[in-house]
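**Q** Got a structure for you, work.pdb, holding PDB, C-alpha atoms, pLDDT in the B column.
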MODEL        1
ATOM      1  CA  LEU A1062     115.028 113.997 110.056  1.00 88.00           C
ATOM      2  CA  ALA A1063     115.864 114.941 106.468  1.00 92.00           C
ATOM      3  CA  THR A1064     117.768 118.030 107.641  1.00 90.00           C
ATOM      4  CA  ILE A1065     119.785 115.997 110.156  1.00 87.00           C
ATOM      5  CA  THR A1066     120.434 113.133 107.742  1.00 88.00           C
ATOM      6  CA  LEU A1067     121.459 115.246 104.747  1.00 90.00           C
ATOM      7  CA  ASN A1068     123.248 117.891 106.863  1.00 88.00           C
ATOM      8  CA  GLN A1069     121.355 120.614 104.963  1.00 91.00           C
ATOM      9  CA  ARG A1070     118.339 122.668 105.990  1.00 91.00           C
ATOM     10  CA  VAL A1071     115.248 121.246 104.244  1.00 93.00           C
ATOM     11  CA  ASP A1072     112.240 123.527 103.657  1.00 92.00           C
ATOM     12  CA  ILE A1073     109.111 121.548 104.544  1.00 92.00           C
ATOM     13  CA  ASN A1074     107.088 123.701 102.136  1.00 94.00           C
ATOM     14  CA  ASN A1075     109.091 122.239  99.250  1.00 95.00           C
ATOM     15  CA  VAL A1076     108.557 118.608 100.275  1.00 97.00           C
ATOM     16  CA  TYR A1077     106.250 116.735  97.883  1.00 97.00           C
ATOM     17  CA  ARG A1078     103.463 114.996  99.834  1.00 97.00           C
ATOM     18  CA  GLU A1079     100.949 112.420  98.628  1.00 97.00           C
ATOM     19  CA  GLY A1080      98.630 110.318 100.792  1.00 97.00           C
ATOM     20  CA  ILE A1081      97.084 106.869 100.441  1.00 96.00           C
ATOM     21  CA  THR A1082      93.550 107.831  99.395  1.00 96.00           C
ATOM     22  CA  LYS A1083      94.121 106.674  95.799  1.00 96.00           C
ATOM     23  CA  ILE A1084      95.314 103.202  96.830  1.00 97.00           C
ATOM     24  CA  SER A1085      92.679 100.537  96.105  1.00 97.00           C
ATOM     25  CA  ALA A1086      92.230  96.924  97.182  1.00 96.00           C
ATOM     26  CA  LYS A1087      93.076  95.939  93.591  1.00 95.00           C
ATOM     27  CA  ASP A1088      96.382  97.806  93.806  1.00 97.00           C
ATOM     28  CA  MET A1089      97.279  95.869  96.952  1.00 97.00           C
ATOM     29  CA  LYS A1090      96.263  92.591  95.294  1.00 95.00           C
ATOM     30  CA  PHE A1091      98.252  93.247  92.120  1.00 95.00           C
ATOM     31  CA  ALA A1092     101.260  94.429  94.134  1.00 96.00           C
ATOM     32  CA  LYS A1093     101.217  91.168  96.094  1.00 96.00           C
ATOM     33  CA  GLU A1094     101.099  89.120  92.877  1.00 95.00           C
ATOM     34  CA  LEU A1095     104.133  91.023  91.612  1.00 95.00           C
ATOM     35  CA  GLY A1096     106.078  90.495  94.850  1.00 95.00           C
ATOM     36  CA  TYR A1097     105.500  93.846  96.558  1.00 97.00           C
ATOM     37  CA  LYS A1098     103.664  95.491  99.436  1.00 97.00           C
ATOM     38  CA  ILE A1099     102.399  99.070  99.334  1.00 98.00           C
ATOM     39  CA  LYS A1100     103.769 101.299 102.108  1.00 97.00           C
ATOM     40  CA  LEU A1101     103.649 105.034 102.821  1.00 96.00           C
ATOM     41  CA  ILE A1102     107.284 106.115 102.595  1.00 97.00           C
ATOM     42  CA  ALA A1103     109.044 109.320 103.650  1.00 97.00           C
ATOM     43  CA  LEU A1104     112.232 109.444 101.582  1.00 97.00           C
ATOM     44  CA  ALA A1105     115.281 111.690 101.997  1.00 97.00           C
ATOM     45  CA  GLN A1106     118.405 111.222  99.906  1.00 96.00           C
ATOM     46  CA  LEU A1107     121.073 113.208  98.081  1.00 94.00           C
ATOM     47  CA  THR A1108     121.410 112.972  94.317  1.00 94.00           C
ATOM     48  CA  GLN A1109     124.774 112.676  92.596  1.00 92.00           C
ATOM     49  CA  ASP A1110     124.789 116.448  92.054  1.00 93.00           C
ATOM     50  CA  ASN A1111     124.092 117.057  95.777  1.00 93.00           C
ATOM     51  CA  LYS A1112     120.409 117.976  95.455  1.00 96.00           C
ATOM     52  CA  ALA A1113     118.038 116.961  98.259  1.00 97.00           C
ATOM     53  CA  ASP A1114     115.410 114.489  97.095  1.00 98.00           C
ATOM     54  CA  VAL A1115     112.858 114.683  99.922  1.00 98.00           C
ATOM     55  CA  ARG A1116     109.263 113.436  99.513  1.00 98.00           C
ATOM     56  CA  VAL A1117     106.418 111.512 101.116  1.00 98.00           C
ATOM     57  CA  HIS A1118     104.217 109.162  99.079  1.00 98.00           C
ATOM     58  CA  PRO A1119     103.108 105.524  98.740  1.00 98.00           C
ATOM     59  CA  MET A1120     105.583 103.084  97.194  1.00 98.00           C
ATOM     60  CA  LEU A1121     105.624  99.453  96.159  1.00 98.00           C
ATOM     61  CA  VAL A1122     108.214  97.842  98.458  1.00 97.00           C
ATOM     62  CA  PRO A1123     109.681  94.412  97.601  1.00 97.00           C
ATOM     63  CA  VAL A1124     108.363  91.785 100.036  1.00 96.00           C
ATOM     64  CA  LYS A1125     111.963  90.792 100.860  1.00 95.00           C
ATOM     65  CA  ASP A1126     112.775  94.333 102.024  1.00 94.00           C
ATOM     66  CA  CYS A1127     112.785  94.919 105.792  1.00 92.00           C
ATOM     67  CA  LEU A1128     110.208  97.721 105.391  1.00 95.00           C
ATOM     68  CA  ALA A1129     107.665  95.255 103.993  1.00 95.00           C
ATOM     69  CA  SER A1130     107.422  93.610 107.426  1.00 94.00           C
ATOM     70  CA  ILE A1131     106.359  96.860 109.153  1.00 94.00           C
ATOM     71  CA  ASN A1132     102.630  96.618 109.905  1.00 92.00           C
ATOM     72  CA  GLY A1133      99.946  97.894 112.268  1.00 87.00           C
ATOM     73  CA  VAL A1134     101.008 100.636 114.687  1.00 86.00           C
ATOM     74  CA  THR A1135     104.724 100.056 114.047  1.00 91.00           C
ATOM     75  CA  ASN A1136     106.815 102.783 112.409  1.00 91.00           C
ATOM     76  CA  SER A1137     110.312 102.363 111.048  1.00 94.00           C
ATOM     77  CA  VAL A1138     113.330 104.457 110.114  1.00 94.00           C
ATOM     78  CA  VAL A1139     115.901 102.982 107.721  1.00 94.00           C
ATOM     79  CA  LEU A1140     119.328 104.596 107.407  1.00 92.00           C
ATOM     80  CA  GLU A1141     121.816 103.785 104.700  1.00 91.00           C
ATOM     81  CA  GLY A1142     125.360 105.065 104.559  1.00 87.00           C
ATOM     82  CA  PHE A1143     129.052 104.264 104.581  1.00 86.00           C
ATOM     83  CA  PRO A1144     130.507 102.440 106.421  1.00 90.00           C
ATOM     84  CA  VAL A1145     127.461 101.588 108.552  1.00 88.00           C
ATOM     85  CA  GLY A1146     125.568 100.006 105.640  1.00 91.00           C
ATOM     86  CA  ARG A1147     121.791  99.679 105.987  1.00 90.00           C
ATOM     87  CA  VAL A1148     120.235  99.714 109.462  1.00 93.00           C
ATOM     88  CA  MET A1149     116.632  99.899 110.650  1.00 94.00           C
ATOM     89  CA  PHE A1150     115.002 101.216 113.816  1.00 93.00           C
ATOM     90  CA  ALA A1151     111.411 100.115 114.434  1.00 94.00           C
ATOM     91  CA  GLY A1152     108.865 100.517 117.197  1.00 90.00           C
ATOM     92  CA  PRO A1153     105.284 101.551 118.029  1.00 88.00           C
ATOM     93  CA  GLY A1154     104.357 104.820 116.365  1.00 81.00           C
ATOM     94  CA  ALA A1155     100.596 104.898 116.890  1.00 78.00           C
ATOM     95  CA  GLY A1156      98.061 103.731 119.438  1.00 81.00           C
ATOM     96  CA  GLU A1157      97.135 105.272 122.767  1.00 86.00           C
ATOM     97  CA  PHE A1158     100.369 104.741 124.713  1.00 88.00           C
ATOM     98  CA  PRO A1159     102.917 105.633 121.983  1.00 86.00           C
ATOM     99  CA  THR A1160     100.871 108.728 121.079  1.00 87.00           C
ATOM    100  CA  ALA A1161     100.589 109.747 124.751  1.00 91.00           C
ATOM    101  CA  SER A1162     104.350 109.315 125.119  1.00 89.00           C
ATOM    102  CA  SER A1163     105.007 111.619 122.129  1.00 85.00           C
ATOM    103  CA  VAL A1164     102.567 114.263 123.374  1.00 91.00           C
ATOM    104  CA  LEU A1165     104.066 114.242 126.873  1.00 92.00           C
ATOM    105  CA  GLY A1166     107.550 114.452 125.387  1.00 87.00           C
ATOM    106  CA  ASP A1167     106.587 117.582 123.454  1.00 84.00           C
ATOM    107  CA  ILE A1168     104.945 119.137 126.524  1.00 89.00           C
ATOM    108  CA  LEU A1169     108.086 118.545 128.598  1.00 89.00           C
ATOM    109  CA  ALA A1170     110.308 119.938 125.832  1.00 83.00           C
ATOM    110  CA  ILE A1171     108.140 123.069 125.619  1.00 83.00           C
ATOM    111  CA  SER A1172     108.120 123.550 129.385  1.00 86.00           C
ATOM    112  CA  ARG A1173     111.932 123.362 129.478  1.00 83.00           C
ATOM    113  CA  SER A1174     112.194 125.948 126.696  1.00 80.00           C
ATOM    114  CA  LEU A1175     109.709 128.547 127.970  1.00 82.00           C
ATOM    115  CA  GLY A1176     111.094 132.045 127.501  1.00 79.00           C
ATOM    116  CA  THR A1177     113.213 131.084 124.495  1.00 75.00           C
ATOM    117  CA  LYS A1178     112.455 131.385 120.776  1.00 68.00           C
ATOM    118  CA  GLU A1179     113.131 127.701 120.078  1.00 65.00           C
ATOM    119  CA  LEU A1180     110.569 125.460 121.734  1.00 59.00           C
ATOM    120  CA  LEU A1181     110.972 121.989 120.281  1.00 62.00           C
ATOM    121  CA  PRO A1182     114.250 120.129 119.708  1.00 60.00           C
ATOM    122  CA  PHE A1183     113.848 120.004 115.917  1.00 59.00           C
ATOM    123  CA  MET A1184     113.590 123.829 115.888  1.00 61.00           C
ATOM    124  CA  LYS A1185     117.124 124.044 117.310  1.00 63.00           C
ATOM    125  CA  CYS A1186     118.753 122.874 114.093  1.00 67.00           C
ATOM    126  CA  ASN A1187     121.827 125.012 113.422  1.00 69.00           C
ATOM    127  CA  HIS A1188     122.473 123.956 109.818  1.00 76.00           C
ATOM    128  CA  THR A1189     123.390 127.011 107.772  1.00 80.00           C
ATOM    129  CA  VAL A1190     123.304 125.470 104.283  1.00 88.00           C
ATOM    130  CA  ASN A1191     119.880 125.533 102.631  1.00 92.00           C
ATOM    131  CA  ALA A1192     119.222 122.373 100.658  1.00 94.00           C
ATOM    132  CA  GLN A1193     118.690 122.676  96.919  1.00 96.00           C
ATOM    133  CA  GLN A1194     115.571 120.535  96.812  1.00 97.00           C
ATOM    134  CA  LEU A1195     114.756 118.410  93.798  1.00 97.00           C
ATOM    135  CA  ASP A1196     111.377 118.943  92.145  1.00 97.00           C
ATOM    136  CA  ILE A1197     109.213 115.807  92.048  1.00 97.00           C
ATOM    137  CA  ASP A1198     109.125 115.959  88.218  1.00 98.00           C
ATOM    138  CA  GLU A1199     112.914 115.520  88.171  1.00 97.00           C
ATOM    139  CA  THR A1200     113.038 112.476  90.450  1.00 98.00           C
ATOM    140  CA  ILE A1201     113.998 109.073  89.076  1.00 97.00           C
ATOM    141  CA  ASN A1202     111.880 106.034  89.960  1.00 97.00           C
ATOM    142  CA  SER A1203     110.421 102.825  88.686  1.00 98.00           C
ATOM    143  CA  TYR A1204     106.619 102.918  88.400  1.00 98.00           C
ATOM    144  CA  TYR A1205     103.546 100.721  88.766  1.00 98.00           C
ATOM    145  CA  ILE A1206     100.807 101.652  86.290  1.00 98.00           C
ATOM    146  CA  SER A1207      97.339 100.105  86.594  1.00 97.00           C
ATOM    147  CA  ILE A1208      95.382 100.314  83.329  1.00 97.00           C
ATOM    148  CA  THR A1209      91.898  99.257  82.248  1.00 96.00           C
ATOM    149  CA  ALA A1210      92.009  98.631  78.491  1.00 96.00           C
ATOM    150  CA  SER A1211      89.713  97.338  75.774  1.00 94.00           C
ATOM    151  CA  ASN A1212      90.146  93.678  74.900  1.00 90.00           C
ATOM    152  CA  THR A1213      91.565  94.357  71.457  1.00 89.00           C
ATOM    153  CA  PRO A1214      94.619  92.886  69.687  1.00 90.00           C
ATOM    154  CA  GLY A1215      97.837  94.824  70.122  1.00 92.00           C
ATOM    155  CA  VAL A1216      96.825  96.852  73.168  1.00 94.00           C
ATOM    156  CA  ILE A1217      99.858  95.745  75.200  1.00 94.00           C
ATOM    157  CA  GLY A1218     102.058  96.548  72.226  1.00 95.00           C
ATOM    158  CA  SER A1219     100.534 100.034  72.093  1.00 95.00           C
ATOM    159  CA  ILE A1220     101.321 100.552  75.784  1.00 96.00           C
ATOM    160  CA  GLY A1221     104.929  99.515  75.201  1.00 96.00           C
ATOM    161  CA  GLU A1222     105.212 101.715  72.115  1.00 97.00           C
ATOM    162  CA  ILE A1223     103.878 104.787  73.938  1.00 97.00           C
ATOM    163  CA  CYS A1224     106.234 104.221  76.860  1.00 97.00           C
ATOM    164  CA  GLY A1225     109.130 103.737  74.456  1.00 97.00           C
ATOM    165  CA  ARG A1226     108.455 107.106  72.825  1.00 97.00           C
ATOM    166  CA  HIS A1227     109.041 108.675  76.237  1.00 98.00           C
ATOM    167  CA  SER A1228     112.295 106.770  76.942  1.00 97.00           C
ATOM    168  CA  ILE A1229     110.576 104.309  79.307  1.00 98.00           C
ATOM    169  CA  SER A1230     111.348 100.587  79.299  1.00 97.00           C
ATOM    170  CA  LEU A1231     108.942  98.006  80.716  1.00 97.00           C
ATOM    171  CA  ALA A1232     110.237  95.567  83.342  1.00 96.00           C
ATOM    172  CA  SER A1233     107.091  93.420  83.630  1.00 94.00           C
ATOM    173  CA  VAL A1234     103.480  93.252  82.422  1.00 94.00           C
ATOM    174  CA  LEU A1235     100.581  91.512  84.198  1.00 92.00           C
ATOM    175  CA  GLN A1236      97.239  91.045  82.419  1.00 91.00           C
ATOM    176  CA  LYS A1237      94.146  89.828  84.241  1.00 84.00           C
ATOM    177  CA  GLY A1238      91.011  88.190  82.847  1.00 79.00           C
ATOM    178  CA  ILE A1239      88.379  89.789  80.625  1.00 84.00           C
ATOM    179  CA  ASP A1240      85.329  91.236  82.398  1.00 83.00           C
ATOM    180  CA  GLU A1241      81.718  91.587  81.254  1.00 78.00           C
ATOM    181  CA  GLU A1242      82.466  94.900  79.550  1.00 85.00           C
ATOM    182  CA  ASN A1243      85.139  93.205  77.413  1.00 89.00           C
ATOM    183  CA  THR A1244      87.926  95.082  79.158  1.00 94.00           C
ATOM    184  CA  ALA A1245      91.091  93.774  80.786  1.00 93.00           C
ATOM    185  CA  GLU A1246      93.134  94.911  83.772  1.00 94.00           C
ATOM    186  CA  ILE A1247      96.758  95.461  82.762  1.00 96.00           C
ATOM    187  CA  VAL A1248      99.485  96.220  85.293  1.00 97.00           C
ATOM    188  CA  VAL A1249     102.876  97.469  84.155  1.00 97.00           C
ATOM    189  CA  ILE A1250     106.105  97.848  86.140  1.00 97.00           C
ATOM    190  CA  THR A1251     108.587 100.146  84.425  1.00 98.00           C
ATOM    191  CA  GLU A1252     112.325 100.366  84.715  1.00 98.00           C
ATOM    192  CA  LYS A1253     113.779 103.542  86.219  1.00 97.00           C
ATOM    193  CA  CYS A1254     112.882 106.755  84.413  1.00 98.00           C
ATOM    194  CA  ILE A1255     112.351 110.472  85.055  1.00 98.00           C
ATOM    195  CA  GLU A1256     108.983 111.361  86.592  1.00 98.00           C
ATOM    196  CA  LYS A1257     108.145 113.992  83.977  1.00 98.00           C
ATOM    197  CA  ASP A1258     108.585 111.329  81.272  1.00 98.00           C
ATOM    198  CA  ILE A1259     106.186 108.895  82.965  1.00 98.00           C
ATOM    199  CA  ASN A1260     103.636 111.684  83.389  1.00 98.00           C
ATOM    200  CA  ASN A1261     103.870 112.511  79.689  1.00 98.00           C
ATOM    201  CA  ALA A1262     103.456 108.830  78.818  1.00 98.00           C
ATOM    202  CA  VAL A1263     100.399 108.531  81.067  1.00 98.00           C
ATOM    203  CA  GLU A1264      98.807 111.548  79.372  1.00 97.00           C
ATOM    204  CA  GLU A1265      99.340 109.934  75.968  1.00 98.00           C
ATOM    205  CA  LEU A1266      97.929 106.642  77.247  1.00 97.00           C
ATOM    206  CA  LYS A1267      94.795 108.453  78.419  1.00 96.00           C
ATOM    207  CA  ASN A1268      94.236 109.702  74.869  1.00 96.00           C
ATOM    208  CA  ASN A1269      94.687 106.270  73.282  1.00 95.00           C
ATOM    209  CA  SER A1270      91.425 104.776  71.973  1.00 93.00           C
ATOM    210  CA  SER A1271      92.255 101.330  73.415  1.00 94.00           C
ATOM    211  CA  ILE A1272      92.728 102.653  76.953  1.00 96.00           C
ATOM    212  CA  VAL A1273      89.539 102.944  78.999  1.00 96.00           C
ATOM    213  CA  ARG A1274      91.230 104.576  82.005  1.00 96.00           C
ATOM    214  CA  ILE A1275      94.443 104.836  84.006  1.00 97.00           C
ATOM    215  CA  ASN A1276      93.544 103.533  87.457  1.00 97.00           C
ATOM    216  CA  ASN A1277      96.706 104.430  89.330  1.00 97.00           C
ATOM    217  CA  LEU A1278     100.362 105.401  89.118  1.00 98.00           C
ATOM    218  CA  ILE A1279     102.551 104.425  92.088  1.00 98.00           C
ATOM    219  CA  ARG A1280     106.290 104.709  92.491  1.00 98.00           C
ATOM    220  CA  VAL A1281     108.306 101.538  93.112  1.00 98.00           C
ATOM    221  CA  MET A1282     111.179 101.138  95.558  1.00 95.00           C
ATOM    222  CA  GLU A1283     114.152  99.262  94.130  1.00 83.00           C
TER     223      GLU A1283
ENDMDL
END
Write the structure described by the file as structure tokens, please.
**A**
Amino acid sequence: LATITLNQRVDINNVYREGITKISAKDMKFAKELGYKIKLIALAQLTQDNKADVRVHPMLVPVKDCLASINGVTNSVVLEGFPVGRVMFAGPGAGEFPTASSVLGDILAISRSLGTKELLPFMKCNHTVNAQQLDIDETINSYYISITASNTPGVIGSIGEICGRHSISLASVLQKGIDEENTAEIVVITEKCIEKDINNAVEELKNNSSIVRINNLIRVME
């Protein structure tokens, strides 16, 4: 899909992939309070300098976005371009009958292509330009950071100061109640920044005496 959409041949080995195993019930709860839902997103887009930004990972999606309404066995593809604007195709993508349909479709495609070197339709791509794929560290995103911190004065200020040193601005901060261990849950949504900068900030946060742990870092869809 990325190759067809971007009109450049994308190497699947260079596609960053991250699953949902790190997503917790607390992350889903905090995301809801901030006006988001967490979805597993496959993203393919061209940067201003014509690099292919292709990746798969969880994202916080605004509840007003059409993707936030995709649940259960339903899958969705959203296309955005000029002059078509933004359009979405949605339908069953899991479950016994949709899966059986996909398997049978592949079997029929293979049977029609026996004796050739190209078995499945996606293997027949004739794009000659290899995409210059963007490294995940160079991508630009907003971020959700879930932090457990000591209940000490100035801890939120310290978080903001550390982020500021790495050219990261904070869009919103959510602090939950104090638990029995005298720690607080702090959730931060950043403004857009470069991924390598947020990773450097997270490493510095981990070494701060007021920070007990970094629970999660999730990219945010704008």
**Q** When you draw a straight line from CA of Asp1198 (chain A) to CA of Arg1226 (chain A), how long is it in Å?
**A**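 Straight-line distance from CA of Asp1198 (chain A) to CA of Arg1226 (chain A) works out to 17.8 Å.
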**Q** On this file, the PyMOL selection byres ((chain A and resi 1200-1206) around 6) gives some set of residues; write that set as a PyMOL selection string.
**A** chain A and resi 1197-1199+1207+1248-1256+1277-1281
**Q** Evaluate the PyMOL selection byres ((chain A and resi 1265) around 12) here and jot the selected residues down as a tab-separated table (two decimals) with C-alpha atoms, in the coordinates of the input.
**A**
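File part12.tsv, as written:
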chain	number	residue	atom	x	y	z
A	1219	SER	CA	100.53	100.03	72.09
A	1220	ILE	CA	101.32	100.55	75.78
A	1221	GLY	CA	104.93	99.52	75.20
A	1222	GLU	CA	105.21	101.72	72.11
A	1223	ILE	CA	103.88	104.79	73.94
A	1224	CYS	CA	106.23	104.22	76.86
A	1225	GLY	CA	109.13	103.74	74.46
A	1226	ARG	CA	108.46	107.11	72.82
A	1227	HIS	CA	109.04	108.68	76.24
A	1258	ASP	CA	108.58	111.33	81.27
A	1259	ILE	CA	106.19	108.90	82.96
A	1260	ASN	CA	103.64	111.68	83.39
A	1261	ASN	CA	103.87	112.51	79.69
A	1262	ALA	CA	103.46	108.83	78.82
A	1263	VAL	CA	100.40	108.53	81.07
A	1264	GLU	CA	98.81	111.55	79.37
A	1266	LEU	CA	97.93	106.64	77.25
A	1267	LYS	CA	94.80	108.45	78.42
A	1268	ASN	CA	94.24	109.70	74.87
A	1269	ASN	CA	94.69	106.27	73.28
A	1270	SER	CA	91.42	104.78	71.97
A	1271	SER	CA	92.26	101.33	73.42
A	1272	ILE	CA	92.73	102.65	76.95
A	1274	ARG	CA	91.23	104.58	82.00
A	1275	ILE	CA	94.44	104.84	84.01
**Q** Evaluated on this file, the PyMOL selection byres ((chain A and resi 1140) around 12) picks out some residues - which ones are they, written as a list in words?
**A**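 Output of the PyMOL selection byres ((chain A and resi 1140) around 12): Leu1062, Ala1063, Ile1065, Thr1066, Leu1067, Ala1103, Leu1104, Ala1105, Gln1106, Cys1127, Leu1128, Ser1137, Val1138, Val1139, Glu1141, Gly1142, Phe1143, Pro1144, Val1145, Gly1146, Arg1147, Val1148, Met1149, Phe1150 and Ala1151 of chain A.
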**Q** Which of these, A:Arg1070, A:Lys1098, A:His1188, A:Arg1078, has the shortest distance to Lys1112 (chain A) once you count only C-alpha atoms?
**A**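 Ranking A:Arg1070, A:Lys1098, A:His1188, A:Arg1078 by distance to Lys1112 (chain A), first place goes to A:Arg1070.
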**Q** Produce a table with one row for each residue of region 1191-1212 of chain A that has an atom at most 9 Å from any atom of region 1113-1117 of chain A, each row naming the nearest atom pair and its distance in Å at one decimal; use all atoms listed in the file; arrange rows by chain and rising residue number; format as CSV.
**A**
residue,atom,partner,partner_atom,distance
A:Ala1192,CA,A:Ala1113,CA,6.0
A:Gln1193,CA,A:Ala1113,CA,5.9
A:Gln1194,CA,A:Ala1113,CA,4.6
A:Leu1195,CA,A:Asp1114,CA,5.2
A:Asp1196,CA,A:Asp1114,CA,7.8
A:Ile1197,CA,A:Arg1116,CA,7.8
A:Thr1200,CA,A:Asp1114,CA,7.3
**Q** What is the distance, in Å and to one decimal place, between CA of Ile1208 (chain A) and CA of Phe1091 (chain A)?
**A**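 So the answer is 11.6 Å.
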**Q** So that I can check the surroundings of Ala1129 (chain A), please list as a ChimeraX atom specification every protein, DNA and RNA residue that reaches within 9 Å of it, counting all atoms listed in the file and ignoring chain neighbours fewer than 2 positions away.
**A** /A:1097-1100,1122-1127,1131-1132
**Q** To one decimal place, how far is CA of Leu1121 (chain A) from CA of Leu1101 (chain A) in Å?
**A**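 Between CA of Leu1121 (chain A) and CA of Leu1101 (chain A) the gap works out to 8.9 Å.
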**Q** Could you check which of A:Gly1166, A:Lys1257, A:Leu1235, A:Ile1171 is closest to Lys1090 (chain A), using all atoms listed in the file?
**A** A:Leu1235
